[in-house]
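Structure file structure-v9.txt (compact mmCIF, C-alpha atoms) follows.
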```
# COMPACT_ATOMS: atom_id res chain seq x y z
CA MET A 1 0.00 0.00 0.00
CA ALA A 2 1.43 3.42 -0.92
CA TRP A 3 2.21 5.91 1.80
CA ASN A 4 -0.26 8.44 0.45
CA GLU A 5 -3.18 6.03 -0.09
CA PRO A 6 -6.16 6.14 2.27
CA GLY A 7 -5.57 3.96 5.32
CA GLY A 8 -1.83 3.89 4.67
CA GLY A 9 -1.00 5.70 7.86
CA ASP A 10 1.49 8.48 8.43
CA LYS A 11 4.16 7.33 6.03
CA ASP A 12 5.09 10.60 4.40
CA PRO A 13 8.91 10.35 3.56
CA TRP A 14 9.21 14.13 3.64
CA GLY A 15 8.19 14.21 7.29
CA GLY A 16 5.00 16.15 6.68
CA GLY A 17 2.79 14.01 8.89
CA SER A 18 -0.60 12.74 7.87
CA ARG A 19 -2.38 14.59 5.15
CA ASN A 20 -5.94 14.39 4.05
CA GLU A 21 -5.46 15.50 0.52
CA GLN A 22 -3.46 13.64 -2.09
CA GLY A 23 -0.79 15.36 -4.27
CA PRO A 24 2.93 16.21 -4.44
CA PRO A 25 4.66 17.61 -1.35
CA ASP A 26 5.20 21.30 -0.93
CA LEU A 27 8.73 22.17 -2.16
CA ASP A 28 9.08 25.12 0.19
CA GLU A 29 8.29 22.93 3.12
CA VAL A 30 10.74 20.26 2.00
CA PHE A 31 13.53 22.81 1.54
CA LYS A 32 12.75 24.31 4.97
CA LYS A 33 13.04 20.94 6.66
CA PHE A 34 16.28 20.19 4.86
CA GLN A 35 17.69 23.55 5.97
CA ASP A 36 16.72 22.86 9.59
CA LYS A 37 18.58 19.60 9.53
CA LEU A 38 21.72 21.27 8.17
CA ASN A 39 21.47 23.93 10.90
CA LYS A 40 21.34 21.26 13.55
CA MET A 41 24.35 19.53 12.05
CA PHE A 42 26.52 22.67 12.05
CA GLY A 43 25.41 24.03 15.43
CA GLY A 44 22.38 26.08 14.43
CA LYS A 45 18.95 25.98 15.93
CA GLY A 46 16.04 24.78 13.96
CA GLY A 47 12.41 25.63 14.26
CA GLY A 48 12.00 29.35 13.75
CA ALA A 49 11.43 30.15 10.16
CA GLY A 50 12.55 33.74 10.35
CA GLY A 51 15.08 33.47 13.20
CA ALA A 52 18.38 35.29 12.74
CA GLY A 53 20.42 32.48 14.28
CA SER A 54 18.87 29.97 12.01
CA GLY A 55 19.63 32.05 8.89
CA ALA A 56 23.29 32.63 9.81
CA GLY A 57 23.88 28.98 10.61
CA GLY A 58 22.32 27.90 7.34
CA SER A 59 24.51 30.24 5.28
CA PHE A 60 27.64 29.04 7.05
CA GLY A 61 26.76 25.39 6.44
CA ILE A 62 26.07 25.98 2.78
CA GLY A 63 29.44 27.76 2.47
CA LEU A 64 31.24 24.83 4.06
CA ILE A 65 29.51 22.43 1.70
CA LEU A 66 30.42 24.51 -1.29
CA LEU A 67 34.01 24.74 -0.09
CA ALA A 68 34.23 20.98 0.39
CA VAL A 69 32.77 20.36 -3.05
CA LEU A 70 35.22 22.84 -4.53
CA ALA A 71 38.14 21.15 -2.75
CA LEU A 72 37.07 17.74 -4.01
CA TRP A 73 36.68 19.15 -7.49
CA GLY A 74 40.18 20.67 -7.42
CA PHE A 75 41.72 17.51 -5.95
CA SER A 76 40.31 15.49 -8.81
CA GLY A 77 42.70 17.34 -11.13
CA PHE A 78 45.76 15.45 -9.83
CA TYR A 79 46.96 12.57 -11.98
CA ILE A 80 50.09 10.41 -12.43
CA ILE A 81 51.72 9.45 -15.74
CA ASP A 82 53.53 6.08 -15.81
CA PRO A 83 57.05 5.78 -17.33
CA ALA A 84 55.67 4.06 -20.44
CA GLU A 85 52.96 6.68 -20.99
CA ARG A 86 52.53 10.26 -22.14
CA GLY A 87 49.65 12.48 -21.02
CA VAL A 88 47.82 14.63 -23.56
CA VAL A 89 46.00 17.51 -21.82
CA MET A 90 42.92 18.90 -23.61
CA ARG A 91 41.03 22.06 -22.60
CA PHE A 92 37.45 21.97 -23.77
CA GLY A 93 38.52 19.31 -26.27
CA GLN A 94 41.44 21.29 -27.73
CA TYR A 95 45.06 20.15 -27.35
CA THR A 96 47.01 22.07 -24.71
CA THR A 97 50.20 20.21 -23.82
CA THR A 98 51.86 16.80 -23.46
CA THR A 99 53.05 15.74 -20.03
CA THR A 100 55.89 13.40 -19.21
CA PRO A 101 55.98 10.62 -16.58
CA GLY A 102 55.36 11.75 -13.01
CA PRO A 103 52.65 13.50 -10.95
CA HIS A 104 50.79 16.41 -12.55
CA TRP A 105 47.71 18.60 -12.04
CA HIS A 106 45.22 20.02 -14.50
CA LEU A 107 41.98 21.90 -14.29
CA PRO A 108 39.38 19.29 -13.47
CA VAL A 109 36.58 18.12 -15.68
CA PRO A 110 34.76 19.61 -17.53
CA ILE A 111 37.39 22.27 -18.18
CA GLU A 112 40.36 19.99 -18.92
CA ARG A 113 40.82 16.30 -19.27
CA VAL A 114 43.88 14.04 -19.81
CA GLU A 115 44.25 11.25 -22.34
CA LYS A 116 47.01 8.76 -21.46
CA VAL A 117 48.84 7.10 -24.37
CA ASN A 118 51.26 4.18 -23.96
CA VAL A 119 54.31 4.95 -26.14
CA ASP A 120 56.42 1.89 -25.19
CA ASN A 121 53.89 -0.81 -25.92
CA ILE A 122 54.72 -2.81 -29.08
CA ARG A 123 51.60 -3.20 -31.17
CA VAL A 124 51.10 -5.81 -33.89
CA ALA A 125 49.26 -5.61 -37.19
CA GLU A 126 48.67 -8.78 -39.22
CA ILE A 127 48.35 -8.38 -42.98
CA GLY A 128 46.96 -11.19 -45.09
CA PHE A 129 45.98 -13.43 -42.18
CA ARG A 130 44.62 -13.43 -38.67
CA SER A 131 46.06 -15.41 -35.79
CA GLY A 132 43.91 -17.65 -33.63
CA GLY A 133 41.39 -16.10 -31.26
CA ARG A 134 37.72 -16.27 -30.40
CA GLN A 135 36.79 -16.10 -34.05
CA GLY A 136 39.64 -18.38 -35.15
CA GLY A 137 42.49 -17.58 -37.52
CA GLY A 138 43.29 -18.10 -41.15
CA SER A 139 44.16 -16.41 -44.39
CA VAL A 140 42.42 -13.23 -45.53
CA GLU A 141 42.48 -13.42 -49.31
CA ALA A 142 41.30 -9.86 -49.79
CA GLU A 143 44.57 -8.71 -48.22
CA SER A 144 46.98 -11.53 -49.10
CA LEU A 145 46.46 -12.00 -52.86
CA MET A 146 48.56 -9.55 -54.92
CA LEU A 147 49.47 -9.20 -58.59
CA THR A 148 53.13 -9.27 -59.71
CA GLN A 149 54.78 -7.48 -62.62
CA ASP A 150 54.59 -10.57 -64.85
CA GLU A 151 50.84 -10.87 -64.14
CA ASN A 152 51.07 -13.73 -61.65
CA ILE A 153 49.33 -13.89 -58.29
CA VAL A 154 51.11 -14.45 -54.99
CA SER A 155 49.80 -14.84 -51.47
CA ILE A 156 51.59 -12.76 -48.82
CA GLU A 157 51.32 -12.86 -45.04
CA LEU A 158 53.09 -10.06 -43.18
CA VAL A 159 53.44 -9.05 -39.53
CA VAL A 160 54.13 -5.39 -38.70
CA GLN A 161 55.25 -4.34 -35.22
CA TYR A 162 55.01 -0.68 -34.29
CA LYS A 163 54.63 1.76 -31.42
CA VAL A 164 53.50 5.35 -30.79
CA LYS A 165 56.24 7.95 -31.20
CA ASP A 166 54.09 11.12 -30.93
CA ALA A 167 51.03 11.01 -28.66
CA ARG A 168 49.61 14.29 -29.98
CA ASP A 169 49.67 13.19 -33.63
CA TYR A 170 48.35 9.77 -32.68
CA LEU A 171 45.26 11.31 -31.04
CA PHE A 172 44.50 14.33 -33.24
CA LYS A 173 45.97 14.04 -36.75
CA VAL A 174 44.25 10.88 -37.98
CA ARG A 175 40.85 9.49 -37.04
CA ASP A 176 42.07 5.87 -36.70
CA PRO A 177 45.90 5.56 -36.82
CA ASP A 178 45.91 1.77 -36.47
CA ALA A 179 43.56 1.30 -39.40
CA THR A 180 45.62 3.80 -41.39
CA LEU A 181 48.73 1.72 -40.74
CA ARG A 182 47.03 -1.42 -42.04
CA GLN A 183 45.91 0.38 -45.19
CA ALA A 184 49.35 1.92 -45.71
CA THR A 185 51.01 -1.50 -45.30
CA GLU A 186 48.72 -3.14 -47.82
CA SER A 187 49.22 -0.28 -50.28
CA ALA A 188 53.01 -0.38 -49.96
CA LEU A 189 53.08 -4.16 -50.42
CA ARG A 190 50.95 -4.00 -53.56
CA GLU A 191 53.23 -1.34 -55.01
CA ILE A 192 56.41 -3.36 -54.33
CA ILE A 193 54.96 -6.65 -55.54
CA GLY A 194 53.53 -4.96 -58.64
CA LYS A 195 57.05 -3.85 -59.60
CA SER A 196 58.68 -7.29 -59.04
CA LYS A 197 58.50 -10.58 -60.88
CA MET A 198 57.10 -13.68 -59.29
CA ASP A 199 60.30 -15.75 -59.44
CA PHE A 200 62.24 -13.04 -57.65
CA VAL A 201 59.57 -12.52 -55.01
CA ILE A 202 59.19 -16.20 -54.15
CA THR A 203 62.88 -17.12 -54.11
CA GLU A 204 65.63 -14.68 -53.17
CA GLY A 205 63.49 -11.53 -52.94
CA ARG A 206 61.71 -12.22 -49.65
CA GLY A 207 64.10 -10.24 -47.48
CA GLU A 208 64.33 -7.38 -49.97
CA VAL A 209 60.53 -7.11 -50.19
CA ALA A 210 60.26 -6.83 -46.39
CA SER A 211 63.00 -4.19 -46.13
CA ARG A 212 61.59 -2.10 -48.99
CA ALA A 213 58.09 -2.37 -47.49
CA GLU A 214 59.32 -1.12 -44.12
CA VAL A 215 60.84 2.01 -45.67
CA LEU A 216 57.79 2.76 -47.81
CA ILE A 217 55.30 2.18 -44.98
CA GLN A 218 57.18 4.54 -42.67
CA GLU A 219 57.20 7.22 -45.36
CA ILE A 220 53.42 6.95 -45.71
CA LEU A 221 52.88 7.09 -41.94
CA ASP A 222 55.07 10.18 -41.62
CA ARG A 223 53.30 11.84 -44.54
CA TYR A 224 49.93 11.43 -42.80
CA ASN A 225 51.33 12.42 -39.36
CA THR A 226 49.97 9.30 -37.70
CA GLY A 227 52.48 9.48 -34.82
CA LEU A 228 53.47 5.83 -35.33
CA GLN A 229 56.95 4.32 -35.61
CA LEU A 230 57.65 0.90 -37.16
CA THR A 231 59.91 -1.41 -35.18
CA SER A 232 60.00 -4.44 -37.52
CA VAL A 233 58.39 -5.91 -40.62
CA ASN A 234 58.49 -9.71 -40.81
CA MET A 235 57.49 -11.80 -43.80
CA GLN A 236 55.52 -14.74 -42.43
CA ASP A 237 54.72 -16.48 -45.71
CA LEU A 238 55.05 -15.74 -49.40
CA GLN A 239 53.92 -18.37 -51.90
CA PRO A 240 51.71 -18.92 -54.93
CA PRO A 241 47.97 -19.37 -54.48
CA GLU A 242 46.83 -22.69 -53.13
CA GLN A 243 45.46 -23.81 -56.49
CA VAL A 244 48.90 -23.82 -58.17
CA GLN A 245 51.18 -24.62 -55.24
CA ALA A 246 51.90 -28.18 -56.46
CA ALA A 247 53.23 -26.94 -59.81
CA PHE A 248 55.36 -24.31 -58.15
CA ALA A 249 56.67 -26.88 -55.69
CA ASP A 250 57.96 -28.91 -58.65
CA VAL A 251 59.61 -25.82 -60.08
CA VAL A 252 61.28 -25.04 -56.78
CA LYS A 253 62.51 -28.64 -56.50
CA ALA A 254 63.99 -28.47 -60.00
CA ARG A 255 65.80 -25.27 -59.09
CA GLU A 256 67.15 -26.87 -55.94
CA ASP A 257 68.43 -29.82 -57.98
CA GLU A 258 70.06 -27.40 -60.40
CA GLN A 259 71.74 -25.58 -57.57
CA ARG A 260 72.86 -28.86 -56.01
CA LEU A 261 74.44 -30.03 -59.26
CA LYS A 262 76.18 -26.70 -59.65
CA ASN A 263 77.56 -27.01 -56.14
CA GLU A 264 78.83 -30.52 -56.85
CA ALA A 265 80.47 -29.34 -60.08
CA GLU A 266 82.11 -26.47 -58.26
CA ALA A 267 83.34 -28.84 -55.54
CA TYR A 268 84.84 -31.14 -58.17
CA SER A 269 86.41 -28.16 -59.90
CA ASN A 270 87.83 -26.90 -56.62
CA ASP A 271 89.36 -30.36 -56.06
CA ILE A 272 90.88 -30.85 -59.52
CA ILE A 273 92.17 -27.37 -60.34
CA PRO A 274 94.45 -27.02 -57.28
CA LYS A 275 95.96 -30.43 -57.99
CA ALA A 276 96.58 -29.53 -61.62
CA ARG A 277 98.08 -26.23 -60.61
CA GLY A 278 100.31 -27.99 -58.09
CA ALA A 279 101.49 -30.52 -60.68
CA SER A 280 102.14 -27.71 -63.15
CA ALA A 281 104.13 -25.77 -60.59
CA ARG A 282 106.13 -28.90 -59.72
CA GLN A 283 106.98 -29.53 -63.37
CA MET A 284 107.97 -25.91 -63.78
CA GLU A 285 110.27 -26.16 -60.79
CA GLU A 286 111.78 -29.40 -62.07
CA ALA A 287 112.35 -27.83 -65.49
CA ASN A 288 113.96 -24.80 -63.89
CA ALA A 289 116.17 -27.06 -61.77
CA TYR A 290 117.18 -29.12 -64.82
CA ARG A 291 117.91 -25.93 -66.74
CA ASP A 292 120.07 -24.61 -63.92
CA GLN A 293 121.85 -27.97 -63.68
CA VAL A 294 122.58 -28.13 -67.41
CA ILE A 295 123.75 -24.54 -67.47
CA ALA A 296 126.00 -25.13 -64.46
CA GLN A 297 127.46 -28.26 -66.03
CA ALA A 298 128.01 -26.48 -69.33
CA GLU A 299 129.66 -23.59 -67.58
CA GLY A 300 131.85 -26.01 -65.60
CA GLU A 301 132.84 -27.93 -68.74
CA SER A 302 133.57 -24.71 -70.55
CA SER A 303 135.70 -23.46 -67.67
CA ARG A 304 137.56 -26.79 -67.51
CA PHE A 305 138.11 -26.78 -71.29
CA GLU A 306 139.52 -23.26 -71.13
CA LYS A 307 141.94 -24.32 -68.42
CA VAL A 308 142.96 -27.39 -70.42
CA LEU A 309 143.38 -25.21 -73.50
CA ARG A 310 145.74 -22.95 -71.65
CA GLU A 311 147.79 -25.95 -70.54
CA TYR A 312 147.69 -27.43 -74.05
CA SER A 313 149.09 -24.24 -75.48
CA LYS A 314 152.01 -24.58 -73.09
CA ALA A 315 152.73 -28.34 -73.60
CA PRO A 316 150.70 -29.88 -76.42
CA ARG A 317 152.26 -33.38 -76.43
CA VAL A 318 152.05 -33.90 -72.69
CA THR A 319 148.53 -32.59 -72.64
CA ARG A 320 147.50 -34.94 -75.44
CA GLU A 321 148.95 -37.93 -73.61
CA ARG A 322 147.28 -36.87 -70.41
CA LEU A 323 143.91 -36.48 -72.09
CA TYR A 324 144.29 -39.85 -73.79
CA ILE A 325 145.24 -41.58 -70.58
CA GLU A 326 142.37 -39.99 -68.66
CA ALA A 327 139.94 -40.99 -71.41
CA MET A 328 141.20 -44.58 -71.37
CA GLU A 329 140.92 -44.68 -67.60
CA LYS A 330 137.27 -43.70 -67.82
CA VAL A 331 136.59 -46.24 -70.58
CA LEU A 332 138.49 -49.17 -69.05
CA ALA A 333 137.55 -48.49 -65.42
CA ASN A 334 134.29 -50.50 -65.50
CA SER A 335 135.10 -53.10 -68.18
CA GLY A 336 137.00 -56.40 -68.28
CA LYS A 337 140.53 -56.00 -69.63
CA VAL A 338 143.14 -58.42 -70.98
CA MET A 339 146.58 -57.05 -71.91
CA VAL A 340 148.81 -58.97 -74.28
CA ASP A 341 152.47 -58.05 -74.49
CA VAL A 342 154.23 -59.79 -77.36
CA LYS A 343 157.92 -59.24 -77.44
CA GLY A 344 159.43 -58.05 -80.68
CA GLY A 345 156.22 -57.43 -82.59
CA ASN A 346 152.75 -55.94 -82.71
CA ASN A 347 150.92 -59.02 -83.95
CA LEU A 348 147.57 -59.58 -82.16
CA LEU A 349 146.57 -63.18 -81.55
CA TYR A 350 142.80 -63.71 -81.12
CA LEU A 351 141.98 -65.92 -78.18
CA PRO A 352 138.93 -66.27 -75.92
CA LEU A 353 140.55 -63.88 -73.53
CA ASP A 354 137.36 -63.34 -71.41
CA LYS A 355 137.51 -67.04 -70.59
CA LEU A 356 141.21 -67.05 -69.82
CA ALA A 357 141.23 -64.10 -67.47
CA PRO A 358 140.59 -64.96 -63.83
CA GLY A 359 137.22 -63.74 -62.50
CA SER A 360 135.97 -62.99 -65.98
CA GLY A 361 132.41 -63.83 -65.05
CA ASP A 362 131.76 -60.46 -63.43
CA GLY A 363 132.80 -58.48 -66.54
CA ARG A 364 135.18 -56.23 -64.58
CA SER A 365 138.29 -58.38 -64.23
CA SER A 366 141.58 -57.42 -65.76
CA GLY A 367 144.97 -58.98 -65.93
CA VAL A 368 148.10 -59.69 -67.97
CA ILE A 369 148.50 -63.09 -69.62
CA GLU A 370 151.85 -64.34 -70.87
CA LEU A 371 151.73 -65.70 -74.41
CA PRO A 372 154.31 -67.57 -76.40
CA GLY A 373 157.14 -65.20 -77.18
CA SER A 374 156.16 -62.87 -74.36
CA THR A 375 158.52 -62.01 -71.58
CA ALA A 376 155.90 -60.45 -69.26
CA PRO A 377 154.41 -62.70 -66.63
CA ALA A 378 150.68 -63.12 -66.30
CA THR A 379 149.42 -60.90 -63.53
CA SER A 380 146.02 -60.11 -62.11
CA SER A 381 144.51 -56.73 -61.57
CA ASN A 382 144.47 -57.46 -57.85
CA ASP A 383 148.30 -57.20 -57.68
CA GLY A 384 148.99 -54.59 -55.04
CA SER A 385 152.55 -53.76 -56.20
CA ARG A 386 151.60 -52.11 -59.45
CA SER A 387 148.23 -50.75 -60.47
CA SER A 388 146.75 -51.36 -63.87
CA SER A 389 146.95 -47.64 -64.67
CA ASP A 390 150.72 -47.66 -64.03
CA ARG A 391 151.24 -50.65 -66.23
CA LEU A 392 149.07 -49.03 -68.91
CA ARG A 393 151.14 -45.86 -68.85
CA GLU A 394 154.37 -47.88 -69.06
CA SER A 395 153.06 -49.94 -71.97
CA LEU A 396 152.00 -46.81 -73.83
CA ARG A 397 155.40 -45.21 -73.35
CA ASN A 398 157.16 -48.29 -74.63
CA ASN A 399 154.87 -48.56 -77.61
CA ARG A 400 156.25 -46.39 -80.37
CA GLY A 401 153.02 -46.65 -82.27
CA GLY A 402 151.18 -44.66 -79.62
CA VAL A 403 149.45 -41.40 -79.99
CA ARG A 404 151.54 -38.78 -81.80
```
Rendering of file as structure tokens:
Amino acid sequence: MAWNEPGGGDKDPWGGGSRNEQGPPDLDEVFKKFQDKLNKMFGGKGGGAGGAGSGAGGSFGIGLILLAVLALWGFSGFYIIDPAERGVVMRFGQYTTTTTPGPHWHLPVPIERVEKVNVDNIRVAEIGFRSGGRQGGGSVEAESLMLTQDENIVSIELVVQYKVKDARDYLFKVRDPDATLRQATESALREIIGKSKMDFVITEGRGEVASRAEVLIQEILDRYNTGLQLTSVNMQDLQPPEQVQAAFADVVKAREDEQRLKNEAEAYSNDIIPKARGASARQMEEANAYRDQVIAQAEGESSRFEKVLREYSKAPRVTRERLYIEAMEKVLANSGKVMVDVKGGNNLLYLPLDKLAPGSGDGRSSGVIELPGSTAPATSSNDGSRSSSDRLRESLRNNRGGVR
């Protein structure tokens, strides 16, 4: 039952007691009761409507309330900026200043307000795909499929990491800086891919595409004053569309086989060429050594011949005999020799002398055999009293038919 219904009793929340008539409470009466309560709270006396004490106490209480409200309002202007943040102060919605980390104060709302922007947080934008989440992940063909210079289609997945470098530009220059970055990234990628051929993009051009995209994206962001700074651009995936991936996989395998065969050929070449060069250098050194040896021998022989010539000019006959004897020594030194001395004549009797000489089996024996009519005894080359060279010289001197 409502408080103002008949039979509801004295349940008036405004403290007006029981009333016979229905209707809204009297505002003057409500305000008067509220003022009396405030007077009682701050030491005033309630009751008299026109009392001087009651009026003074009410004014003092209202002043205290207003002062407390004003103090609370001013205290609400204090704020603290974290080290990773920057505070953008706006007065009636217009930019005023940017505050650094630490405690600060501004005129409270609704005059000024502060927008805090985290400038150290690394943000991520995914182009061409979406990672797993509530709605799941997967490729976004509207972003990933791009046309190359040779009119082929490639699918690109890119991850861009960035942060805020200017809080003022981030809040005021562009309506949605994050969406602008996504659009700028897609535009830059389409420009780079449109100027490159598919073979280059899929094989060795991945790193170059990412680096060129980072430069171009940053230029676009600075041109629009988005207040964003790129930290890295990573190529997640770059391949042909799914419908033709099998054919391109075969092409890539063929290229890998080609590169492998080239590497094997280069390895074989690197093994053979140093050996050939080493053998060539060795032969060159041997030829140079042989040349030096022949030249040295020729020079030695020439020097010796000049010395012999000088001696020959002094004593020709002696020199001739000496040369003859030395030549015979060289010839007969390593051969079997049999000397026949026939007294009173130069007749040569043919006999199997190699069989008669002692030790003729080794081919190096020598000796003197006495024949009929000979006065010289048979001697062996091992006779220590006279050497074969001495006997040869003596025989040559006695032989008048010797060298003239």
- request: Tell me, as a ChimeraX atom specification, which residues lie within 7 Å of stretch 121-128 of chain A, counting all atoms listed in the file; anything in the same chain fewer than 4 positions away does not count.
  value: /A:139-141,143-144,156-163,182
message: As an exercise, work out the distance from atom CA of A:Ala184 to atom CA of A:Phe129 in Å and give it to one decimal place.
response: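 Between atom CA of A:Ala184 and atom CA of A:Phe129 the gap is 16.1 Å.
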A:Phe92 environment, 12 Å, all atoms listed in the file, sequence neighbours closer than 6 positions dropped, as a PyMOL selection string: chain A and resi 107-114
- request: Quick one: everything within 10 Å of stretch 245-258 of chain A, counting all atoms listed in the file, minus sequence neighbours fewer than 4 positions away in the same chain. Send it as a list in words.
  value: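 The residues satisfying every condition are Asp199, Ile202, Thr203, Gln239, Pro240, Pro241, Lys262, Asn263 and Glu264 of chain A.
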query: What is the distance, in Å and to one decimal place, between atom CA of A:Leu189 and atom CA of A:Lys173?
result: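 These two atoms are separated by 23.8 Å.
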query: Using all atoms listed in the file, which residue out of A:Ser335, A:Gln297, A:Ser211, A:Asn118 lies closest to A:Ile81?
result: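 Using all atoms listed in the file, A:Ile81 sits closest to A:Asn118.
In this model, the gap between atom CA of A:Thr231 and atom CA of A:Ala210 comes to 12.5 Å.
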